[in-house]
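**Q** Structure file data.csv (CSV, C-alpha atoms and all ligand atoms) is given on the next line.
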```
chain,number,residue,atom,x,y,z
A,1,MET,CA,0.9,-19.7,-2.3
A,2,THR,CA,1.7,-16.8,-4.5
A,3,LEU,CA,-1.1,-15.0,-6.2
A,4,LYS,CA,-1.6,-12.9,-9.2
A,5,ILE,CA,-1.2,-9.2,-8.7
A,6,ARG,CA,-4.2,-7.2,-9.7
A,7,LYS,CA,-3.3,-4.5,-12.2
A,8,TYR,CA,-4.5,-0.9,-12.9
A,9,GLY,CA,-8.0,-1.1,-14.3
A,10,ASP,CA,-9.2,-3.9,-12.0
A,11,PRO,CA,-12.2,-2.5,-10.1
A,12,ILE,CA,-11.0,-4.0,-6.7
A,13,LEU,CA,-8.1,-1.5,-6.7
A,14,LYS,CA,-10.7,1.3,-6.5
A,15,LYS,CA,-12.7,-0.1,-3.7
A,16,LYS,CA,-12.5,1.0,0.0
A,17,ALA,CA,-11.3,-2.1,1.8
A,18,GLU,CA,-13.1,-3.4,4.9
A,19,GLU,CA,-11.9,-3.4,8.5
A,20,VAL,CA,-10.7,-6.8,9.8
A,21,LYS,CA,-13.0,-7.7,12.7
A,22,GLU,CA,-11.6,-11.1,13.6
A,23,ILE,CA,-8.3,-12.8,12.8
A,24,THR,CA,-9.4,-16.2,11.5
A,25,PRO,CA,-7.3,-19.0,10.1
A,26,GLU,CA,-8.3,-17.7,6.6
A,27,THR,CA,-6.9,-14.2,7.6
A,28,LYS,CA,-3.6,-15.9,8.5
A,29,GLU,CA,-3.6,-17.8,5.2
A,30,LEU,CA,-4.3,-14.6,3.3
A,31,ILE,CA,-1.4,-12.9,5.1
A,32,LEU,CA,1.0,-15.7,4.3
A,33,ASN,CA,0.0,-15.5,0.7
A,34,MET,CA,0.5,-11.7,0.7
A,35,VAL,CA,4.0,-12.1,2.1
A,36,GLU,CA,4.9,-14.9,-0.4
A,37,THR,CA,3.6,-12.8,-3.3
A,38,MET,CA,5.4,-9.7,-2.2
A,39,GLN,CA,8.7,-11.5,-1.9
A,40,LYS,CA,8.2,-13.3,-5.3
A,41,GLU,CA,7.5,-10.0,-7.0
A,42,ARG,CA,10.4,-8.3,-5.1
A,43,GLY,CA,8.0,-5.6,-3.7
A,44,ILE,CA,8.7,-3.6,-0.5
A,45,GLY,CA,5.0,-3.4,0.4
A,46,LEU,CA,1.7,-5.0,-0.6
A,47,ALA,CA,-1.9,-4.4,0.3
A,48,ALA,CA,-4.6,-7.1,0.3
A,49,PRO,CA,-6.7,-5.5,-2.5
A,50,GLN,CA,-3.7,-6.1,-4.8
A,51,ILE,CA,-4.2,-9.8,-4.6
A,52,GLY,CA,-8.0,-9.4,-4.9
A,53,VAL,CA,-9.1,-9.2,-1.2
A,54,ALA,CA,-10.8,-6.0,-0.1
A,55,LYS,CA,-9.6,-6.2,3.6
A,56,ARG,CA,-7.5,-3.7,5.5
A,57,ILE,CA,-4.2,-5.6,5.7
A,58,ILE,CA,-0.8,-4.6,4.5
A,59,VAL,CA,2.6,-6.2,4.5
A,60,VAL,CA,5.7,-4.1,4.6
A,61,GLU,CA,9.3,-5.0,4.0
A,62,THR,CA,11.1,-3.2,6.8
A,63,GLY,CA,14.6,-4.4,5.9
A,64,LYS,CA,14.5,-6.9,8.8
A,65,GLY,CA,11.9,-9.0,7.1
A,66,PRO,CA,8.2,-8.7,6.3
A,67,ASN,CA,6.0,-7.0,8.8
A,68,ILE,CA,2.2,-7.4,9.0
A,69,PHE,CA,-0.2,-4.6,9.8
A,70,ILE,CA,-3.9,-5.2,10.2
A,71,ASN,CA,-6.3,-2.3,10.1
A,72,PRO,CA,-3.5,0.2,9.8
A,73,LYS,CA,-4.4,3.9,10.4
A,74,ILE,CA,-2.2,6.9,10.0
A,75,ILE,CA,-2.9,8.8,13.2
A,76,ASP,CA,-0.4,11.6,12.9
A,77,LYS,CA,1.5,13.2,10.1
A,78,GLY,CA,4.5,15.5,10.4
A,79,ARG,CA,4.3,18.9,8.7
A,80,GLU,CA,7.3,18.3,6.5
A,81,LYS,CA,6.7,16.7,3.1
A,82,ILE,CA,9.2,15.2,0.7
A,83,VAL,CA,9.1,14.2,-2.9
A,84,GLY,CA,10.3,10.7,-3.8
A,85,GLU,CA,9.9,8.3,-6.7
A,86,GLU,CA,7.5,5.5,-6.2
A,87,GLY,CA,6.5,2.4,-8.2
A,88,CYS,CA,3.6,0.0,-7.6
A,89,LEU,CA,3.2,-3.7,-8.5
A,90,SER,CA,-0.2,-2.8,-9.8
A,91,LEU,CA,1.3,-0.3,-12.2
A,92,PRO,CA,4.3,-2.2,-13.5
A,93,GLY,CA,7.1,-0.3,-15.2
A,94,LEU,CA,5.8,3.1,-14.1
A,95,TYR,CA,7.4,5.5,-11.6
A,96,PHE,CA,6.0,8.7,-10.3
A,97,LYS,CA,7.3,11.5,-8.2
A,98,ILE,CA,5.0,11.7,-5.2
A,99,LYS,CA,4.9,14.1,-2.3
A,100,ARG,CA,4.4,12.5,1.1
A,101,SER,CA,4.8,13.3,4.8
A,102,LYS,CA,8.4,12.6,5.9
A,103,GLU,CA,7.3,11.4,9.3
A,104,ILE,CA,4.1,9.6,10.4
A,105,LYS,CA,2.6,7.7,13.3
A,106,VAL,CA,0.6,4.5,12.5
A,107,ARG,CA,-1.7,2.5,14.7
A,108,ALA,CA,-2.4,-1.1,13.7
A,109,GLU,CA,-2.9,-4.6,15.0
A,110,ASN,CA,-0.5,-7.4,14.7
A,111,ILE,CA,-1.4,-11.0,13.7
A,112,ASN,CA,-2.5,-11.7,17.3
A,113,GLY,CA,-4.9,-8.7,17.3
A,114,GLU,CA,-2.7,-6.7,19.7
A,115,GLU,CA,-2.4,-3.0,19.1
A,116,LEU,CA,0.8,-1.6,17.7
A,117,LYS,CA,1.9,2.0,17.5
A,118,ILE,CA,4.8,2.8,15.1
A,119,ARG,CA,6.7,5.9,14.3
A,120,ALA,CA,8.1,5.8,10.8
A,121,GLU,CA,10.1,8.2,8.7
A,122,GLY,CA,11.7,8.3,5.3
A,123,LEU,CA,11.2,5.3,3.1
A,124,LEU,CA,9.2,3.4,5.7
A,125,ALA,CA,6.8,6.3,6.2
A,126,ARG,CA,6.4,6.5,2.4
A,127,ILE,CA,5.6,2.7,2.1
A,128,PHE,CA,3.0,3.1,4.9
A,129,GLN,CA,1.3,6.0,3.1
A,130,HIS,CA,1.4,4.2,-0.3
A,131,GLU,CA,-0.1,1.0,1.1
A,132,THR,CA,-2.8,2.6,3.3
A,133,ASP,CA,-3.8,4.5,0.1
A,134,HIS,CA,-4.4,1.1,-1.5
A,135,LEU,CA,-6.9,0.4,1.3
A,136,ASP,CA,-8.8,3.5,0.4
A,137,GLY,CA,-8.9,2.7,-3.3
A,138,ILE,CA,-6.2,5.3,-4.1
A,139,LEU,CA,-3.5,4.5,-6.6
A,140,LEU,CA,-0.3,6.5,-7.6
A,141,ILE,CA,-2.2,7.6,-10.7
A,142,ASP,CA,-4.7,9.4,-8.4
A,143,ARG,CA,-1.9,11.3,-6.7
A,144,ILE,CA,-0.3,12.9,-9.8
A,145,SER,CA,-1.2,16.0,-11.7
A,146,PHE,CA,-3.3,16.2,-14.9
A,147,TRP,CA,-0.1,17.2,-16.8
A,148,GLN,CA,1.8,14.2,-15.5
A,149,LYS,CA,-1.1,12.0,-16.6
A,150,LEU,CA,-1.1,13.5,-20.1
A,151,LYS,CA,2.6,12.6,-20.4
A,152,LEU,CA,1.8,9.1,-19.5
A,153,LYS,CA,-1.2,8.6,-21.7
A,154,ASN,CA,0.6,6.7,-24.4
A,155,LYS,CA,1.8,4.2,-21.8
A,156,ILE,CA,-1.4,3.5,-20.0
A,157,PHE,CA,-4.4,5.2,-21.4
A,158,LYS,CA,-4.6,3.3,-24.7
B,201,CO,CO,1.1,0.0,-4.8
```
Any chance you could put this one into structure tokens?
Ligand code: CO
**A**
Amino acid sequence: MTLKIRKYGDPILKKKAEEVKEITPETKELILNMVETMQKERGIGLAAPQIGVAKRIIVVETGKGPNIFINPKIIDKGREKIVGEEGCLSLPGLYFKIKRSKEIKVRAENINGEELKIRAEGLLARIFQHETDHLDGILLIDRISFWQKLKLKNKIFK
């Protein structure tokens, strides 16, 4: 089932999402809905709060199909940072230049609750940083400067 994407201004996007303690049939259904919604919206990543559930789950399009990460945590960041353009399904039509670590290490659980450790770089590292931000209530708009926000004010701060 595809669900409506929560947009900028919805309070759930500002909330810190809760750790998943047990993977229940409901968790699996939620994950399926996340994957279907991401694919319908042609996104490359989606976090559970974006469909209205404050749980620490993200789905990421890795190029080889959707991957699921439960309780993802960035455990290491490389020193090098790079600027890249990012969009967000919760901020439709807007793109921002965001500085992110080029390389990261992530620890998460898979759908069976088994621990995963992933090293990611480039676009994949960027997607992980963007999606884990969502779990902490951080949006792209919180990562840009005051001056960048001013330039945008006619578009979003009506
Ligand atoms: Co986003």
**Q** Return the single residue from A:Ile58, A:Val20, A:Val35, A:Ile127 that is closest to Met1 (chain A), with distances computed using all atoms listed in the file.
**A** A:Val35
**Q** Can you pull out the residues contacting region 106-110 of chain A? Cut-off 12 Å, using all atoms listed in the file, and skip same-chain residues under 5 positions away; I want them as number ranges by chain.
**A** A: 19-23, 27-28, 31, 56-59, 67-78, 115-121, 124-129, 131-132
**Q** Pick out the residues no farther than 9 Å from ligand CO 201 (chain B), counting only C-alpha atoms and all ligand atoms, and list them as a ChimeraX atom specification.
**A** /A:43,45-47,50,86-91,127,130-131,133-134,139-140
**Q** Could those selected residues go to a file with C-alpha atoms, as a PDB file, keeping the file's coordinate frame?
**A**
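Result file result.pdb:
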```pdb
ATOM      1  CA  GLY A  43       8.000  -5.600  -3.700  1.00  0.00           C
ATOM      2  CA  GLY A  45       5.000  -3.400   0.400  1.00  0.00           C
ATOM      3  CA  LEU A  46       1.700  -5.000  -0.600  1.00  0.00           C
ATOM      4  CA  ALA A  47      -1.900  -4.400   0.300  1.00  0.00           C
ATOM      5  CA  GLN A  50      -3.700  -6.100  -4.800  1.00  0.00           C
ATOM      6  CA  GLU A  86       7.500   5.500  -6.200  1.00  0.00           C
ATOM      7  CA  GLY A  87       6.500   2.400  -8.200  1.00  0.00           C
ATOM      8  CA  CYS A  88       3.600   0.000  -7.600  1.00  0.00           C
ATOM      9  CA  LEU A  89       3.200  -3.700  -8.500  1.00  0.00           C
ATOM     10  CA  SER A  90      -0.200  -2.800  -9.800  1.00  0.00           C
ATOM     11  CA  LEU A  91       1.300  -0.300 -12.200  1.00  0.00           C
ATOM     12  CA  ILE A 127       5.600   2.700   2.100  1.00  0.00           C
ATOM     13  CA  HIS A 130       1.400   4.200  -0.300  1.00  0.00           C
ATOM     14  CA  GLU A 131      -0.100   1.000   1.100  1.00  0.00           C
ATOM     15  CA  ASP A 133      -3.800   4.500   0.100  1.00  0.00           C
ATOM     16  CA  HIS A 134      -4.400   1.100  -1.500  1.00  0.00           C
ATOM     17  CA  LEU A 139      -3.500   4.500  -6.600  1.00  0.00           C
ATOM     18  CA  LEU A 140      -0.300   6.500  -7.600  1.00  0.00           C
TER      19      LEU A 140
END
```
**Q** Suppose you want the space between CA of Lys105 (chain A) and CA of Ile144 (chain A); what is it in Å?
**A**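 Separating CA of Lys105 (chain A) from CA of Ile144 (chain A) is a distance of 23.9 Å.
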**Q** Would you compute the distance between CA of Met38 (chain A) and CA of Leu3 (chain A)? Give it in Å to one decimal.
**A** 9.3 Å
**Q** Restricting the calculation to only C-alpha atoms, which member of A:Leu150, A:Leu94, A:Val60, A:Leu135 is positioned closest to Tyr8 (chain A)?
**A** A:Leu94
**Q** For each of A:Pro49, A:Pro25, A:Gly113, A:Gly65, take the minimum atom-to-atom distance to Ile138 (chain A), counting only C-alpha atoms, then give the residue where this is smallest.
**A**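 For Ile138 (chain A), the nearest of the candidates is A:Pro49.
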**Q** Kindly output region 99-118 of chain A as a PDB file, in the frame of the given file, after building N, CA and C atoms.
**A**
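Dumped to result15.pdb:
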```pdb
ATOM      1  N   LYS A  99       4.649  13.389  -3.513  1.00  0.00           N
ATOM      2  CA  LYS A  99       4.900  14.100  -2.300  1.00  0.00           C
ATOM      3  C   LYS A  99       4.230  13.436  -1.112  1.00  0.00           C
ATOM      4  N   ARG A 100       4.995  13.138  -0.078  1.00  0.00           N
ATOM      5  CA  ARG A 100       4.400  12.500   1.100  1.00  0.00           C
ATOM      6  C   ARG A 100       4.993  13.087   2.370  1.00  0.00           C
ATOM      7  N   SER A 101       4.299  12.850   3.460  1.00  0.00           N
ATOM      8  CA  SER A 101       4.800  13.300   4.800  1.00  0.00           C
ATOM      9  C   SER A 101       6.092  12.520   5.074  1.00  0.00           C
ATOM     10  N   LYS A 102       7.062  13.257   5.620  1.00  0.00           N
ATOM     11  CA  LYS A 102       8.400  12.600   5.900  1.00  0.00           C
ATOM     12  C   LYS A 102       8.247  11.708   7.129  1.00  0.00           C
ATOM     13  N   GLU A 103       7.392  12.111   8.051  1.00  0.00           N
ATOM     14  CA  GLU A 103       7.300  11.400   9.300  1.00  0.00           C
ATOM     15  C   GLU A 103       5.804  11.120   9.622  1.00  0.00           C
ATOM     16  N   ILE A 104       5.491   9.937  10.065  1.00  0.00           N
ATOM     17  CA  ILE A 104       4.100   9.600  10.400  1.00  0.00           C
ATOM     18  C   ILE A 104       4.039   8.730  11.656  1.00  0.00           C
ATOM     19  N   LYS A 105       2.851   8.658  12.222  1.00  0.00           N
ATOM     20  CA  LYS A 105       2.600   7.700  13.300  1.00  0.00           C
ATOM     21  C   LYS A 105       1.447   6.790  12.802  1.00  0.00           C
ATOM     22  N   VAL A 106       1.621   5.502  13.005  1.00  0.00           N
ATOM     23  CA  VAL A 106       0.600   4.500  12.500  1.00  0.00           C
ATOM     24  C   VAL A 106       0.154   3.697  13.727  1.00  0.00           C
ATOM     25  N   ARG A 107      -1.141   3.475  13.750  1.00  0.00           N
ATOM     26  CA  ARG A 107      -1.700   2.500  14.700  1.00  0.00           C
ATOM     27  C   ARG A 107      -2.228   1.348  13.907  1.00  0.00           C
ATOM     28  N   ALA A 108      -1.962   0.134  14.371  1.00  0.00           N
ATOM     29  CA  ALA A 108      -2.400  -1.100  13.700  1.00  0.00           C
ATOM     30  C   ALA A 108      -2.539  -2.199  14.652  1.00  0.00           C
ATOM     31  N   GLU A 109      -2.915  -3.357  14.158  1.00  0.00           N
ATOM     32  CA  GLU A 109      -2.900  -4.600  15.000  1.00  0.00           C
ATOM     33  C   GLU A 109      -1.950  -5.560  14.386  1.00  0.00           C
ATOM     34  N   ASN A 110      -1.365  -6.380  15.250  1.00  0.00           N
ATOM     35  CA  ASN A 110      -0.500  -7.400  14.700  1.00  0.00           C
ATOM     36  C   ASN A 110      -1.335  -8.697  14.493  1.00  0.00           C
ATOM     37  N   ILE A 111      -0.654  -9.768  14.131  1.00  0.00           N
ATOM     38  CA  ILE A 111      -1.400 -11.000  13.700  1.00  0.00           C
ATOM     39  C   ILE A 111      -2.128 -11.620  14.925  1.00  0.00           C
ATOM     40  N   ASN A 112      -1.768 -11.232  16.161  1.00  0.00           N
ATOM     41  CA  ASN A 112      -2.500 -11.700  17.300  1.00  0.00           C
ATOM     42  C   ASN A 112      -3.607 -10.745  17.778  1.00  0.00           C
ATOM     43  N   GLY A 113      -3.823  -9.710  16.991  1.00  0.00           N
ATOM     44  CA  GLY A 113      -4.900  -8.700  17.300  1.00  0.00           C
ATOM     45  C   GLY A 113      -4.444  -7.714  18.349  1.00  0.00           C
ATOM     46  N   GLU A 114      -3.152  -7.695  18.692  1.00  0.00           N
ATOM     47  CA  GLU A 114      -2.700  -6.700  19.700  1.00  0.00           C
ATOM     48  C   GLU A 114      -2.349  -5.402  18.992  1.00  0.00           C
ATOM     49  N   GLU A 115      -2.640  -4.313  19.738  1.00  0.00           N
ATOM     50  CA  GLU A 115      -2.400  -3.000  19.100  1.00  0.00           C
ATOM     51  C   GLU A 115      -0.945  -2.633  19.076  1.00  0.00           C
ATOM     52  N   LEU A 116      -0.562  -2.055  17.944  1.00  0.00           N
ATOM     53  CA  LEU A 116       0.800  -1.600  17.700  1.00  0.00           C
ATOM     54  C   LEU A 116       0.767  -0.106  17.440  1.00  0.00           C
ATOM     55  N   LYS A 117       1.789   0.613  17.894  1.00  0.00           N
ATOM     56  CA  LYS A 117       1.900   2.000  17.500  1.00  0.00           C
ATOM     57  C   LYS A 117       3.356   2.161  16.948  1.00  0.00           C
ATOM     58  N   ILE A 118       3.472   2.672  15.741  1.00  0.00           N
ATOM     59  CA  ILE A 118       4.800   2.800  15.100  1.00  0.00           C
ATOM     60  C   ILE A 118       5.024   4.198  14.644  1.00  0.00           C
TER      61      ILE A 118
END
```
